[in-house]
file input05.pdb (PDB, C-alpha atoms)
ATOM      1  CA  MET A   1      31.661-131.996 -13.428
ATOM      2  CA  THR A   2      35.415-131.879 -13.383
ATOM      3  CA  ARG A   3      37.773-129.834 -15.511
ATOM      4  CA  MET A   4      38.365-132.866 -17.735
ATOM      5  CA  GLN A   5      34.649-133.399 -18.358
ATOM      6  CA  LEU A   6      34.301-129.732 -19.188
ATOM      7  CA  VAL A   7      37.178-130.049 -21.653
ATOM      8  CA  GLU A   8      35.579-133.104 -23.268
ATOM      9  CA  GLU A   9      32.179-131.494 -23.640
ATOM     10  CA  LEU A  10      33.668-128.309 -25.037
ATOM     11  CA  SER A  11      35.757-130.293 -27.488
ATOM     12  CA  ARG A  12      32.600-132.068 -28.706
ATOM     13  CA  LYS A  13      30.571-128.887 -28.884
ATOM     14  CA  LEU A  14      33.178-126.917 -30.818
ATOM     15  CA  GLY A  15      34.457-129.803 -32.894
ATOM     16  CA  VAL A  16      38.053-129.264 -31.828
ATOM     17  CA  ASN A  17      40.505-131.779 -30.400
ATOM     18  CA  HIS A  18      41.014-132.377 -26.720
ATOM     19  CA  THR A  19      44.243-130.386 -26.445
ATOM     20  CA  GLU A  20      42.716-127.363 -28.090
ATOM     21  CA  ALA A  21      39.649-127.466 -25.849
ATOM     22  CA  GLU A  22      41.924-127.767 -22.842
ATOM     23  CA  THR A  23      43.839-124.660 -23.929
ATOM     24  CA  ILE A  24      40.544-122.757 -24.229
ATOM     25  CA  VAL A  25      39.419-123.793 -20.749
ATOM     26  CA  ASP A  26      42.777-122.826 -19.254
ATOM     27  CA  ALA A  27      42.865-119.512 -21.126
ATOM     28  CA  PHE A  28      39.370-118.729 -19.869
ATOM     29  CA  PHE A  29      39.974-119.420 -16.190
ATOM     30  CA  GLY A  30      43.535-118.110 -16.416
ATOM     31  CA  ALA A  31      42.225-114.755 -17.645
ATOM     32  CA  ILE A  32      39.836-114.593 -14.689
ATOM     33  CA  VAL A  33      42.534-115.444 -12.157
ATOM     34  CA  ASP A  34      44.940-112.904 -13.688
ATOM     35  CA  ALA A  35      42.333-110.152 -13.449
ATOM     36  CA  LEU A  36      41.517-111.054  -9.849
ATOM     37  CA  LYS A  37      45.199-111.040  -8.950
ATOM     38  CA  LYS A  38      45.290-107.443 -10.117
ATOM     39  CA  GLU A  39      42.281-106.838  -7.854
ATOM     40  CA  ASP A  40      40.157-106.213 -10.907
ATOM     41  CA  LYS A  41      36.589-107.501 -10.948
ATOM     42  CA  VAL A  42      35.339-109.810 -13.655
ATOM     43  CA  GLU A  43      31.808-109.405 -14.942
ATOM     44  CA  LEU A  44      30.243-112.042 -17.118
ATOM     45  CA  ARG A  45      26.794-110.950 -18.212
ATOM     46  CA  GLY A  46      24.222-113.657 -17.742
ATOM     47  CA  PHE A  47      26.549-115.698 -15.575
ATOM     48  CA  GLY A  48      27.850-113.694 -12.662
ATOM     49  CA  SER A  49      30.747-111.674 -11.394
ATOM     50  CA  PHE A  50      33.942-112.351  -9.525
ATOM     51  CA  ARG A  51      35.597-109.884  -7.218
ATOM     52  CA  VAL A  52      38.243-109.944  -4.535
ATOM     53  CA  LYS A  53      38.047-108.698  -1.014
ATOM     54  CA  LYS A  54      40.870-108.278   1.410
ATOM     55  CA  ARG A  55      40.664-110.317   4.567
ATOM     56  CA  PRO A  56      42.713-108.581   7.236
ATOM     57  CA  ALA A  57      45.410-110.303   9.239
ATOM     58  CA  ARG A  58      44.105-111.819  12.434
ATOM     59  CA  THR A  59      45.054-114.055  15.280
ATOM     60  CA  ALA A  60      43.529-117.487  15.003
ATOM     61  CA  ARG A  61      43.930-120.624  17.039
ATOM     62  CA  ASN A  62      44.972-124.057  16.092
ATOM     63  CA  PRO A  63      41.845-125.924  17.201
ATOM     64  CA  ARG A  64      43.777-129.020  18.124
ATOM     65  CA  THR A  65      46.446-127.477  20.316
ATOM     66  CA  GLY A  66      44.812-124.176  21.259
ATOM     67  CA  GLU A  67      47.965-122.466  20.160
ATOM     68  CA  SER A  68      47.656-118.902  18.780
ATOM     69  CA  VAL A  69      48.639-118.447  15.175
ATOM     70  CA  GLN A  70      49.021-115.175  13.308
ATOM     71  CA  VAL A  71      47.132-115.421  10.006
ATOM     72  CA  PRO A  72      48.420-112.929   7.435
ATOM     73  CA  GLU A  73      46.266-110.564   5.411
ATOM     74  CA  LYS A  74      44.900-112.307   2.369
ATOM     75  CA  MET A  75      42.968-111.648  -0.820
ATOM     76  CA  ILE A  76      39.839-113.796  -1.128
ATOM     77  CA  PRO A  77      37.838-114.176  -4.344
ATOM     78  CA  TYR A  78      34.043-113.988  -4.229
ATOM     79  CA  PHE A  79      31.503-115.032  -6.822
ATOM     80  CA  LYS A  80      28.069-113.537  -7.195
ATOM     81  CA  ALA A  81      25.668-115.305  -9.533
ATOM     82  CA  SER A  82      23.697-113.156 -11.972
ATOM     83  CA  LYS A  83      19.939-112.835 -11.598
ATOM     84  CA  GLU A  84      19.562-114.909 -14.715
ATOM     85  CA  LEU A  85      21.685-117.736 -13.363
ATOM     86  CA  LYS A  86      20.001-117.605  -9.951
ATOM     87  CA  GLN A  87      16.643-117.977 -11.606
ATOM     88  CA  LEU A  88      17.869-120.818 -13.780
ATOM     89  CA  ILE A  89      19.061-122.700 -10.691
ATOM     90  CA  GLU A  90      15.988-121.878  -8.657
ATOM     91  CA  GLU A  91      13.727-123.366 -11.286
ATOM     92  CA  SER A  92      15.816-126.474 -11.860
TER      93      SER A  92
ATOM     94  CA  MET B   1      37.253-107.074 -16.929
ATOM     95  CA  ILE B   2      34.257-108.167 -18.966
ATOM     96  CA  LYS B   3      33.479-111.080 -21.238
ATOM     97  CA  SER B   4      34.896-109.270 -24.221
ATOM     98  CA  ASP B   5      38.333-109.096 -22.535
ATOM     99  CA  ILE B   6      38.233-112.837 -21.908
ATOM    100  CA  ILE B   7      37.349-113.412 -25.553
ATOM    101  CA  ASP B   8      40.413-111.333 -26.473
ATOM    102  CA  ALA B   9      42.593-113.440 -24.192
ATOM    103  CA  VAL B  10      41.293-116.682 -25.716
ATOM    104  CA  SER B  11      41.635-115.281 -29.215
ATOM    105  CA  GLU B  12      45.247-114.345 -28.552
ATOM    106  CA  LYS B  13      46.261-117.580 -26.884
ATOM    107  CA  LEU B  14      44.747-119.845 -29.524
ATOM    108  CA  THR B  15      45.300-117.536 -32.514
ATOM    109  CA  TYR B  16      41.573-117.684 -33.178
ATOM    110  CA  ASN B  17      39.807-114.905 -34.965
ATOM    111  CA  ARG B  18      37.306-113.016 -32.842
ATOM    112  CA  PRO B  19      34.076-114.733 -33.878
ATOM    113  CA  LYS B  20      35.659-118.124 -33.242
ATOM    114  CA  ALA B  21      36.978-117.084 -29.830
ATOM    115  CA  GLU B  22      33.609-115.606 -28.988
ATOM    116  CA  MET B  23      31.863-118.847 -29.855
ATOM    117  CA  ALA B  24      34.327-120.804 -27.721
ATOM    118  CA  VAL B  25      33.740-118.583 -24.692
ATOM    119  CA  GLU B  26      29.955-118.563 -25.134
ATOM    120  CA  ASP B  27      29.885-122.351 -25.467
ATOM    121  CA  LEU B  28      32.047-122.740 -22.397
ATOM    122  CA  LEU B  29      29.755-120.498 -20.340
ATOM    123  CA  GLN B  30      26.723-122.380 -21.620
ATOM    124  CA  LEU B  31      28.268-125.683 -20.543
ATOM    125  CA  LEU B  32      28.901-124.272 -17.067
ATOM    126  CA  LYS B  33      25.311-123.041 -16.839
ATOM    127  CA  ASP B  34      23.859-126.335 -18.074
ATOM    128  CA  SER B  35      25.920-128.247 -15.593
ATOM    129  CA  LEU B  36      24.787-126.050 -12.695
ATOM    130  CA  LYS B  37      21.209-126.313 -13.864
ATOM    131  CA  ASP B  38      21.445-130.088 -13.754
ATOM    132  CA  GLY B  39      22.264-129.695 -10.099
ATOM    133  CA  GLY B  40      25.900-130.273 -10.774
ATOM    134  CA  ARG B  41      28.938-129.444  -8.824
ATOM    135  CA  ILE B  42      31.728-128.069 -10.968
ATOM    136  CA  GLU B  43      35.135-128.765  -9.589
ATOM    137  CA  LEU B  44      37.994-126.910 -11.195
ATOM    138  CA  ARG B  45      41.339-127.632  -9.611
ATOM    139  CA  GLY B  46      43.353-124.513  -9.058
ATOM    140  CA  PHE B  47      40.311-122.284  -9.458
ATOM    141  CA  GLY B  48      37.461-123.334  -7.236
ATOM    142  CA  VAL B  49      34.255-125.284  -6.902
ATOM    143  CA  PHE B  50      30.743-124.192  -7.861
ATOM    144  CA  LEU B  51      28.085-125.875  -5.758
ATOM    145  CA  VAL B  52      24.304-125.851  -5.896
ATOM    146  CA  ARG B  53      22.807-126.010  -2.442
ATOM    147  CA  PRO B  54      19.218-126.121  -1.244
ATOM    148  CA  LYS B  55      18.103-122.873   0.325
ATOM    149  CA  LYS B  56      17.417-122.652   4.009
ATOM    150  CA  THR B  57      13.752-123.167   4.824
ATOM    151  CA  GLY B  58      11.811-122.187   7.911
ATOM    152  CA  VAL B  59      10.627-118.881   9.234
ATOM    153  CA  GLY B  60      12.404-115.621   8.608
ATOM    154  CA  ARG B  61      11.731-112.396  10.438
ATOM    155  CA  ASN B  62      11.967-108.805   9.537
ATOM    156  CA  PRO B  63      14.397-107.735  12.264
ATOM    157  CA  LYS B  64      12.822-104.277  12.521
ATOM    158  CA  THR B  65       9.156-105.204  12.867
ATOM    159  CA  GLY B  66       9.436-108.804  14.047
ATOM    160  CA  GLU B  67       7.067-109.722  11.272
ATOM    161  CA  GLN B  68       7.313-113.367  10.257
ATOM    162  CA  ILE B  69       8.023-114.199   6.664
ATOM    163  CA  PRO B  70       8.176-117.807   5.493
ATOM    164  CA  LEU B  71      11.412-118.549   3.610
ATOM    165  CA  GLN B  72      10.761-119.969   0.183
ATOM    166  CA  PRO B  73      12.451-123.236  -0.664
ATOM    167  CA  GLY B  74      14.844-123.091  -3.575
ATOM    168  CA  LYS B  75      18.447-123.475  -4.530
ATOM    169  CA  VAL B  76      21.445-121.195  -4.402
ATOM    170  CA  ILE B  77      24.873-121.249  -5.962
ATOM    171  CA  LYS B  78      27.960-121.215  -3.821
ATOM    172  CA  PHE B  79      31.472-120.682  -5.021
ATOM    173  CA  LYS B  80      34.321-121.959  -2.959
ATOM    174  CA  PRO B  81      37.647-120.669  -4.228
ATOM    175  CA  SER B  82      40.695-122.890  -4.347
ATOM    176  CA  LYS B  83      43.113-122.378  -1.545
ATOM    177  CA  ASP B  84      45.635-119.685  -2.386
ATOM    178  CA  VAL B  85      44.388-119.230  -5.919
ATOM    179  CA  LEU B  86      45.403-115.594  -5.797
ATOM    180  CA  SER B  87      48.703-115.727  -4.001
ATOM    181  CA  ALA B  88      51.367-115.444  -6.665
ATOM    182  CA  GLU B  89      54.088-116.694  -4.404
ATOM    183  CA  SER B  90      51.726-119.488  -3.344
ATOM    184  CA  ALA B  91      53.635-119.965  -0.139
ATOM    185  CA  PRO B  92      51.942-122.368   2.238
ATOM    186  CA  GLN B  93      49.583-120.365   4.404
ATOM    187  CA  ILE B  94      47.692-121.271   7.493
ATOM    188  CA  ILE B  95      43.955-121.278   7.003
ATOM    189  CA  GLY B  96      42.232-120.209  10.164
TER     190      GLY B  96
END
call {"tool": "encode", "arguments": {"input": "input05.pdb", "output": "C-alpha coordinates"}}
result
Amino acid sequence: MTRMQLVEELSRKLGVNHTEAETIVDAFFGAIVDALKKEDKVELRGFGSFRVKKRPARTARNPRTGESVQVPEKMIPYFKASKELKQLIEES
Amino acid sequence: MIKSDIIDAVSEKLTYNRPKAEMAVEDLLQLLKDSLKDGGRIELRGFGVFLVRPKKTGVGRNPKTGEQIPLQPGKVIKFKPSKDVLSAESAPQIIG
(Lines of atoms letter the chains of each structure in order from A and count residues from 1; the text may use other names and numbers.)
(Lines give C-alpha, C1' and ligand atoms only; values in the text may rest on other atoms or scores of the structure.)
Protein backbone atom coordinates (compact mmCIF):
# COMPACT_ATOMS: atom_id res chain seq x y z
CA MET A 1 0.00 0.00 0.00
CA THR A 2 1.25 3.44 -0.85
CA ARG A 3 0.36 6.76 0.71
CA MET A 4 -2.04 7.44 -2.17
CA GLN A 5 -3.89 4.15 -1.68
CA LEU A 6 -4.16 4.89 2.01
CA VAL A 7 -5.60 8.31 1.18
CA GLU A 8 -8.13 6.77 -1.21
CA GLU A 9 -9.28 4.13 1.24
CA LEU A 10 -9.58 6.65 4.05
CA SER A 11 -11.54 8.99 1.82
CA ARG A 12 -13.98 6.16 1.01
CA LYS A 13 -14.25 5.04 4.61
CA LEU A 14 -14.90 8.51 6.01
CA GLY A 15 -16.92 9.79 3.09
CA VAL A 16 -14.69 12.82 2.60
CA ASN A 17 -13.00 14.03 -0.57
CA HIS A 18 -9.51 13.09 -1.59
CA THR A 19 -7.89 16.36 -0.52
CA GLU A 20 -9.40 16.18 2.92
CA ALA A 21 -8.30 12.57 3.41
CA GLU A 22 -4.82 13.54 2.28
CA THR A 23 -4.71 16.32 4.88
CA ILE A 24 -5.72 13.81 7.58
CA VAL A 25 -3.00 11.36 6.56
CA ASP A 26 -0.38 14.11 6.51
CA ALA A 27 -1.54 15.54 9.84
CA PHE A 28 -1.35 12.07 11.38
CA PHE A 29 2.16 11.20 10.24
CA GLY A 30 3.30 14.80 10.62
CA ALA A 31 2.30 14.74 14.29
CA ILE A 32 4.33 11.56 14.80
CA VAL A 33 7.41 12.97 13.07
CA ASP A 34 7.17 16.23 15.04
CA ALA A 35 7.03 14.34 18.33
CA LEU A 36 9.98 12.15 17.36
CA LYS A 37 11.98 15.21 16.36
CA LYS A 38 11.53 16.45 19.90
CA GLU A 39 12.79 13.04 21.05
CA ASP A 40 9.37 12.29 22.46
CA LYS A 41 7.98 8.78 22.13
CA VAL A 42 4.67 8.09 20.46
CA GLU A 43 2.42 5.40 21.85
CA LEU A 44 -0.55 4.18 19.90
CA ARG A 45 -2.48 1.63 21.92
CA GLY A 46 -3.31 -1.45 19.93
CA PHE A 47 -0.89 -0.50 17.18
CA GLY A 48 2.57 0.09 18.53
CA SER A 49 5.01 2.72 19.63
CA PHE A 50 7.66 4.85 18.01
CA ARG A 51 10.75 6.07 19.76
CA VAL A 52 14.08 7.55 18.80
CA LYS A 53 17.52 6.40 19.74
CA LYS A 54 20.74 8.23 19.22
CA ARG A 55 23.28 6.51 17.04
CA PRO A 56 26.72 7.82 17.96
CA ALA A 57 29.15 9.22 15.44
CA ARG A 58 31.47 6.60 14.03
CA THR A 59 34.05 6.01 11.39
CA ALA A 60 32.73 3.99 8.50
CA ARG A 61 34.24 2.99 5.20
CA ASN A 62 33.11 3.55 1.71
CA PRO A 63 32.84 -0.08 0.61
CA ARG A 64 33.79 0.71 -2.94
CA THR A 65 36.94 2.71 -2.33
CA GLY A 66 37.86 1.58 1.19
CA GLU A 67 38.12 5.21 2.13
CA SER A 68 37.33 6.15 5.76
CA VAL A 69 34.35 8.40 6.26
CA GLN A 70 33.28 10.08 9.48
CA VAL A 71 29.56 9.46 10.01
CA PRO A 72 27.98 12.05 12.30
CA GLU A 73 25.81 11.28 15.30
CA LYS A 74 22.24 10.73 14.23
CA MET A 75 18.76 10.21 15.64
CA ILE A 76 17.12 7.01 14.39
CA PRO A 77 13.42 6.22 14.81
CA TYR A 78 12.36 2.75 15.94
CA PHE A 79 8.96 1.12 15.81
CA LYS A 80 7.77 -1.58 18.15
CA ALA A 81 4.53 -3.33 17.26
CA SER A 82 1.99 -3.83 20.05
CA LYS A 83 1.20 -7.33 21.28
CA GLU A 84 -2.18 -7.02 19.65
CA LEU A 85 -0.71 -6.15 16.27
CA LYS A 86 1.96 -8.84 16.53
CA GLN A 87 -0.71 -11.41 17.16
CA LEU A 88 -2.83 -10.13 14.30
CA ILE A 89 0.12 -10.51 11.92
CA GLU A 90 1.18 -13.86 13.32
CA GLU A 91 -2.24 -15.32 12.69
CA SER A 92 -2.64 -13.86 9.21
CA MET B 1 2.68 11.56 22.89
CA ILE B 2 -0.35 9.30 22.77
CA LYS B 3 -3.21 8.77 20.36
CA SER B 4 -5.24 11.48 22.00
CA ASP B 5 -2.55 14.07 21.15
CA ILE B 6 -2.62 12.98 17.52
CA ILE B 7 -6.40 13.32 17.51
CA ASP B 8 -5.94 16.87 18.81
CA ALA B 9 -3.47 17.63 16.03
CA VAL B 10 -5.85 16.29 13.37
CA SER B 11 -8.77 18.12 14.93
CA GLU B 12 -6.85 21.38 14.86
CA LYS B 13 -5.52 21.05 11.34
CA LEU B 14 -8.84 20.11 9.77
CA THR B 15 -11.07 22.14 12.11
CA TYR B 16 -12.89 18.93 12.98
CA ASN B 17 -14.66 18.53 16.26
CA ARG B 18 -13.15 15.90 18.53
CA PRO B 19 -15.43 12.95 17.79
CA LYS B 20 -14.90 13.46 14.06
CA ALA B 21 -11.13 13.70 14.43
CA GLU B 22 -11.16 10.63 16.64
CA MET B 23 -13.07 8.66 14.04
CA ALA B 24 -10.62 9.76 11.34
CA VAL B 25 -7.61 8.63 13.37
CA GLU B 26 -9.22 5.33 14.39
CA ASP B 27 -10.19 4.59 10.78
CA LEU B 28 -6.70 5.42 9.59
CA LEU B 29 -5.13 3.08 12.16
CA GLN B 30 -7.60 0.36 11.23
CA LEU B 31 -6.66 0.70 7.56
CA LEU B 32 -2.98 0.37 8.46
CA LYS B 33 -3.70 -2.74 10.54
CA ASP B 34 -5.86 -4.32 7.84
CA SER B 35 -3.21 -3.71 5.26
CA LEU B 36 -0.50 -5.29 7.41
CA LYS B 37 -2.77 -8.20 8.17
CA ASP B 38 -3.23 -8.82 4.46
CA GLY B 39 0.51 -9.26 4.32
CA GLY B 40 0.94 -5.83 2.89
CA ARG B 41 3.86 -3.55 2.75
CA ILE B 42 2.98 0.03 3.55
CA GLU B 43 5.23 2.52 1.90
CA LEU B 44 4.94 6.08 3.10
CA ARG B 45 7.36 8.43 1.41
CA GLY B 46 9.04 10.73 3.86
CA PHE B 47 8.08 8.56 6.81
CA GLY B 48 9.07 4.96 6.33
CA VAL B 49 8.04 1.51 5.24
CA PHE B 50 6.21 -1.14 7.27
CA LEU B 51 7.05 -4.65 6.14
CA VAL B 52 5.73 -8.05 7.14
CA ARG B 53 8.45 -10.66 7.07
CA PRO B 54 8.41 -14.38 7.77
CA LYS B 55 10.07 -15.26 11.04
CA LYS B 56 13.32 -17.12 11.11
CA THR B 57 12.84 -20.86 11.48
CA GLY B 58 15.27 -23.51 12.65
CA VAL B 59 16.68 -24.36 16.02
CA GLY B 60 17.21 -21.83 18.76
CA ARG B 61 19.24 -22.40 21.88
CA ASN B 62 19.08 -21.12 25.36
CA PRO B 63 22.57 -19.63 25.53
CA LYS B 64 22.89 -20.43 29.24
CA THR B 65 21.90 -24.09 29.25
CA GLY B 66 22.48 -25.00 25.61
CA GLU B 67 18.99 -26.39 25.57
CA GLN B 68 17.51 -26.58 22.08
CA ILE B 69 14.24 -24.86 21.41
CA PRO B 70 12.59 -25.07 18.00
CA LEU B 71 11.74 -21.61 16.62
CA GLN B 72 8.09 -21.31 15.72
CA PRO B 73 7.29 -20.16 12.22
CA GLY B 74 5.36 -16.93 12.00
CA LYS B 75 5.54 -13.38 10.80
CA VAL B 76 6.99 -10.21 12.22
CA ILE B 77 6.62 -6.55 11.43
CA LYS B 78 9.60 -4.46 10.49
CA PHE B 79 9.68 -0.73 10.22
CA LYS B 80 12.30 0.89 8.09
CA PRO B 81 12.38 4.64 8.59
CA SER B 82 12.87 7.00 5.69
CA LYS B 83 16.34 8.35 5.33
CA ASP B 84 16.80 11.51 7.35
CA VAL B 85 13.18 11.69 8.41
CA LEU B 86 14.23 13.34 11.65
CA SER B 87 16.93 15.70 10.52
CA ALA B 88 15.34 19.12 10.35
CA GLU B 89 18.10 20.56 8.26
CA SER B 90 17.87 17.45 6.08
CA ALA B 91 21.39 17.98 4.85
CA PRO B 92 22.67 15.10 2.76
CA GLN B 93 24.28 12.61 5.10
CA ILE B 94 26.41 9.61 4.44
CA ILE B 95 24.77 6.37 5.43
CA GLY B 96 27.35 3.92 6.62
call {"tool": "resolve_selection", "arguments": {"input": "input05.pdb", "expression": "the ChimeraX specification (/B :<9) & /A", "output": "PyMOL selection string"}}
result
chain A and resi 1-4+6-7+9-10+13-14+20-21+23-25+27-37+40-45+47+58-62+69-72+74-81+85-86+88-92
call {"tool": "write_last_selection", "arguments": {"input": "input05.pdb", "atoms": "C-alpha atoms", "output": "mmCIF file, in the coordinates of the input"}}
result
data_model
loop_
_atom_site.group_PDB
_atom_site.id
_atom_site.type_symbol
_atom_site.label_atom_id
_atom_site.label_comp_id
_atom_site.auth_asym_id
_atom_site.auth_seq_id
_atom_site.Cartn_x
_atom_site.Cartn_y
_atom_site.Cartn_z
ATOM 1 C CA MET A 1 31.661 -131.996 -13.428
ATOM 2 C CA THR A 2 35.415 -131.879 -13.383
ATOM 3 C CA ARG A 3 37.773 -129.834 -15.511
ATOM 4 C CA MET A 4 38.365 -132.866 -17.735
ATOM 5 C CA LEU A 6 34.301 -129.732 -19.188
ATOM 6 C CA VAL A 7 37.178 -130.049 -21.653
ATOM 7 C CA GLU A 9 32.179 -131.494 -23.640
ATOM 8 C CA LEU A 10 33.668 -128.309 -25.037
ATOM 9 C CA LYS A 13 30.571 -128.887 -28.884
ATOM 10 C CA LEU A 14 33.178 -126.917 -30.818
ATOM 11 C CA GLU A 20 42.716 -127.363 -28.090
ATOM 12 C CA ALA A 21 39.649 -127.466 -25.849
ATOM 13 C CA THR A 23 43.839 -124.660 -23.929
ATOM 14 C CA ILE A 24 40.544 -122.757 -24.229
ATOM 15 C CA VAL A 25 39.419 -123.793 -20.749
ATOM 16 C CA ALA A 27 42.865 -119.512 -21.126
ATOM 17 C CA PHE A 28 39.370 -118.729 -19.869
ATOM 18 C CA PHE A 29 39.974 -119.420 -16.190
ATOM 19 C CA GLY A 30 43.535 -118.110 -16.416
ATOM 20 C CA ALA A 31 42.225 -114.755 -17.645
ATOM 21 C CA ILE A 32 39.836 -114.593 -14.689
ATOM 22 C CA VAL A 33 42.534 -115.444 -12.157
ATOM 23 C CA ASP A 34 44.940 -112.904 -13.688
ATOM 24 C CA ALA A 35 42.333 -110.152 -13.449
ATOM 25 C CA LEU A 36 41.517 -111.054 -9.849
ATOM 26 C CA LYS A 37 45.199 -111.040 -8.950
ATOM 27 C CA ASP A 40 40.157 -106.213 -10.907
ATOM 28 C CA LYS A 41 36.589 -107.501 -10.948
ATOM 29 C CA VAL A 42 35.339 -109.810 -13.655
ATOM 30 C CA GLU A 43 31.808 -109.405 -14.942
ATOM 31 C CA LEU A 44 30.243 -112.042 -17.118
ATOM 32 C CA ARG A 45 26.794 -110.950 -18.212
ATOM 33 C CA PHE A 47 26.549 -115.698 -15.575
ATOM 34 C CA ARG A 58 44.105 -111.819 12.434
ATOM 35 C CA THR A 59 45.054 -114.055 15.280
ATOM 36 C CA ALA A 60 43.529 -117.487 15.003
ATOM 37 C CA ARG A 61 43.930 -120.624 17.039
ATOM 38 C CA ASN A 62 44.972 -124.057 16.092
ATOM 39 C CA VAL A 69 48.639 -118.447 15.175
ATOM 40 C CA GLN A 70 49.021 -115.175 13.308
ATOM 41 C CA VAL A 71 47.132 -115.421 10.006
ATOM 42 C CA PRO A 72 48.420 -112.929 7.435
ATOM 43 C CA LYS A 74 44.900 -112.307 2.369
ATOM 44 C CA MET A 75 42.968 -111.648 -0.820
ATOM 45 C CA ILE A 76 39.839 -113.796 -1.128
ATOM 46 C CA PRO A 77 37.838 -114.176 -4.344
ATOM 47 C CA TYR A 78 34.043 -113.988 -4.229
ATOM 48 C CA PHE A 79 31.503 -115.032 -6.822
ATOM 49 C CA LYS A 80 28.069 -113.537 -7.195
ATOM 50 C CA ALA A 81 25.668 -115.305 -9.533
ATOM 51 C CA LEU A 85 21.685 -117.736 -13.363
ATOM 52 C CA LYS A 86 20.001 -117.605 -9.951
ATOM 53 C CA LEU A 88 17.869 -120.818 -13.780
ATOM 54 C CA ILE A 89 19.061 -122.700 -10.691
ATOM 55 C CA GLU A 90 15.988 -121.878 -8.657
ATOM 56 C CA GLU A 91 13.727 -123.366 -11.286
ATOM 57 C CA SER A 92 15.816 -126.474 -11.860
#
call {"tool": "atom_distance", "arguments": {"input": "input05.pdb", "atom1": "CA of Gly46 (chain A)", "atom2": "CA of Pro19 (chain B)"}}
result
18.9 Å
call {"tool": "residues_around", "arguments": {"input": "input05.pdb", "residues": "Gly58 (chain B)", "least_positions_apart": "4", "cutoff": "12 Å", "atoms": "only C-alpha atoms", "output": "list of chain:residue names"}}
result
B:Gln68, B:Ile69, B:Pro70, B:Leu71, B:Gln72, B:Pro73, B:Gly74
call {"tool": "atom_distance", "arguments": {"input": "input05.pdb", "atom1": "CA of Ala57 (chain A)", "atom2": "CA of Glu39 (chain A)"}}
result
17.7 Å
call {"tool": "atom_distance", "arguments": {"input": "input05.pdb", "atom1": "CA of Gln5 (chain A)", "atom2": "CA of Leu51 (chain B)"}}
result
16.1 Å
call {"tool": "axis_aligned_box", "arguments": {"input": "input05.pdb", "around": "region 22-33 of chain A", "padding_each_side": "4 Å", "output": "AutoDock Vina command-line options"}}
result
--center_x 41.6 --center_y -121.2 --center_z -18.2 --size_x 12.5 --size_y 21.2 --size_z 20.1
call {"tool": "decode", "arguments": {"input": "input05.pdb", "residues": "region 35-47 of chain B", "atoms": "all heavy atoms", "output": "short mmCIF file (atom, residue, chain, number, x, y, z; two decimals), in the first residue's frame"}}
result
data_model
loop_
_atom_site.label_atom_id
_atom_site.label_comp_id
_atom_site.auth_asym_id
_atom_site.auth_seq_id
_atom_site.Cartn_x
_atom_site.Cartn_y
_atom_site.Cartn_z
N SER B 35 -4.17 -3.55 6.34
CA SER B 35 -3.21 -3.71 5.26
C SER B 35 -2.05 -4.60 5.67
O SER B 35 -1.60 -5.46 4.89
CB SER B 35 -2.71 -2.33 4.82
OG SER B 35 -1.69 -2.47 3.88
N LEU B 36 -1.58 -4.44 6.91
CA LEU B 36 -0.50 -5.29 7.41
C LEU B 36 -0.96 -6.73 7.57
O LEU B 36 -0.24 -7.67 7.28
CB LEU B 36 0.01 -4.76 8.75
CG LEU B 36 0.83 -3.47 8.69
CD1 LEU B 36 1.07 -2.95 10.08
CD2 LEU B 36 2.15 -3.70 7.97
N LYS B 37 -2.20 -6.89 7.97
CA LYS B 37 -2.77 -8.20 8.17
C LYS B 37 -2.86 -8.95 6.83
O LYS B 37 -2.67 -10.16 6.78
CB LYS B 37 -4.16 -8.06 8.79
CG LYS B 37 -4.68 -9.36 9.36
CD LYS B 37 -6.06 -9.18 9.91
CE LYS B 37 -6.67 -10.54 10.23
NZ LYS B 37 -8.08 -10.38 10.59
N ASP B 38 -3.16 -8.21 5.79
CA ASP B 38 -3.23 -8.82 4.46
C ASP B 38 -1.83 -9.05 3.89
O ASP B 38 -1.68 -9.27 2.70
CB ASP B 38 -4.05 -7.94 3.51
CG ASP B 38 -5.51 -7.85 3.95
OD1 ASP B 38 -5.95 -8.72 4.71
OD2 ASP B 38 -6.20 -6.89 3.55
N GLY B 39 -0.86 -8.98 4.74
CA GLY B 39 0.51 -9.26 4.32
C GLY B 39 1.15 -8.11 3.59
O GLY B 39 2.18 -8.25 2.95
N GLY B 40 0.51 -6.95 3.71
CA GLY B 40 0.94 -5.83 2.89
C GLY B 40 2.16 -5.11 3.40
O GLY B 40 2.52 -5.16 4.56
N ARG B 41 2.77 -4.43 2.49
CA ARG B 41 3.86 -3.55 2.75
C ARG B 41 3.24 -2.18 2.65
O ARG B 41 2.48 -1.90 1.72
CB ARG B 41 4.88 -3.82 1.63
CG ARG B 41 5.92 -2.81 1.43
CD ARG B 41 6.60 -3.12 0.08
NE ARG B 41 7.43 -2.00 -0.29
CZ ARG B 41 8.74 -1.98 -0.05
NH1 ARG B 41 9.35 -3.01 0.46
NH2 ARG B 41 9.43 -0.91 -0.35
N ILE B 42 3.51 -1.33 3.62
CA ILE B 42 2.98 0.03 3.55
C ILE B 42 4.14 0.97 3.35
O ILE B 42 5.02 1.06 4.20
CB ILE B 42 2.20 0.40 4.84
CG1 ILE B 42 1.14 -0.65 5.14
CG2 ILE B 42 1.58 1.77 4.69
CD1 ILE B 42 0.40 -0.40 6.45
N GLU B 43 4.11 1.64 2.23
CA GLU B 43 5.23 2.52 1.90
C GLU B 43 4.77 3.96 1.97
O GLU B 43 3.91 4.38 1.22
CB GLU B 43 5.71 2.18 0.48
CG GLU B 43 7.07 2.75 0.19
CD GLU B 43 7.57 2.34 -1.18
OE1 GLU B 43 7.24 1.21 -1.62
OE2 GLU B 43 8.26 3.14 -1.81
N LEU B 44 5.34 4.69 2.92
CA LEU B 44 4.94 6.08 3.10
C LEU B 44 6.16 6.95 2.88
O LEU B 44 7.04 7.03 3.75
CB LEU B 44 4.37 6.27 4.50
CG LEU B 44 3.11 5.42 4.78
CD1 LEU B 44 2.97 5.13 6.24
CD2 LEU B 44 1.88 6.10 4.22
N ARG B 45 6.22 7.58 1.73
CA ARG B 45 7.36 8.43 1.41
C ARG B 45 7.55 9.52 2.46
O ARG B 45 6.57 10.13 2.87
CB ARG B 45 7.15 9.11 0.04
CG ARG B 45 7.27 8.16 -1.12
CD ARG B 45 8.70 7.79 -1.41
NE ARG B 45 8.77 6.52 -2.11
CZ ARG B 45 8.71 6.40 -3.43
NH1 ARG B 45 8.59 7.46 -4.20
NH2 ARG B 45 8.77 5.22 -4.00
N GLY B 46 8.75 9.69 2.88
CA GLY B 46 9.04 10.73 3.86
C GLY B 46 8.78 10.29 5.28
O GLY B 46 9.00 11.03 6.22
N PHE B 47 8.31 9.06 5.45
CA PHE B 47 8.08 8.56 6.81
C PHE B 47 8.80 7.24 7.01
O PHE B 47 9.72 7.14 7.82
CB PHE B 47 6.58 8.41 7.08
CG PHE B 47 6.26 8.01 8.49
CD1 PHE B 47 6.38 8.92 9.52
CD2 PHE B 47 5.86 6.72 8.79
CE1 PHE B 47 6.11 8.56 10.84
CE2 PHE B 47 5.59 6.35 10.10
CZ PHE B 47 5.71 7.28 11.12
#
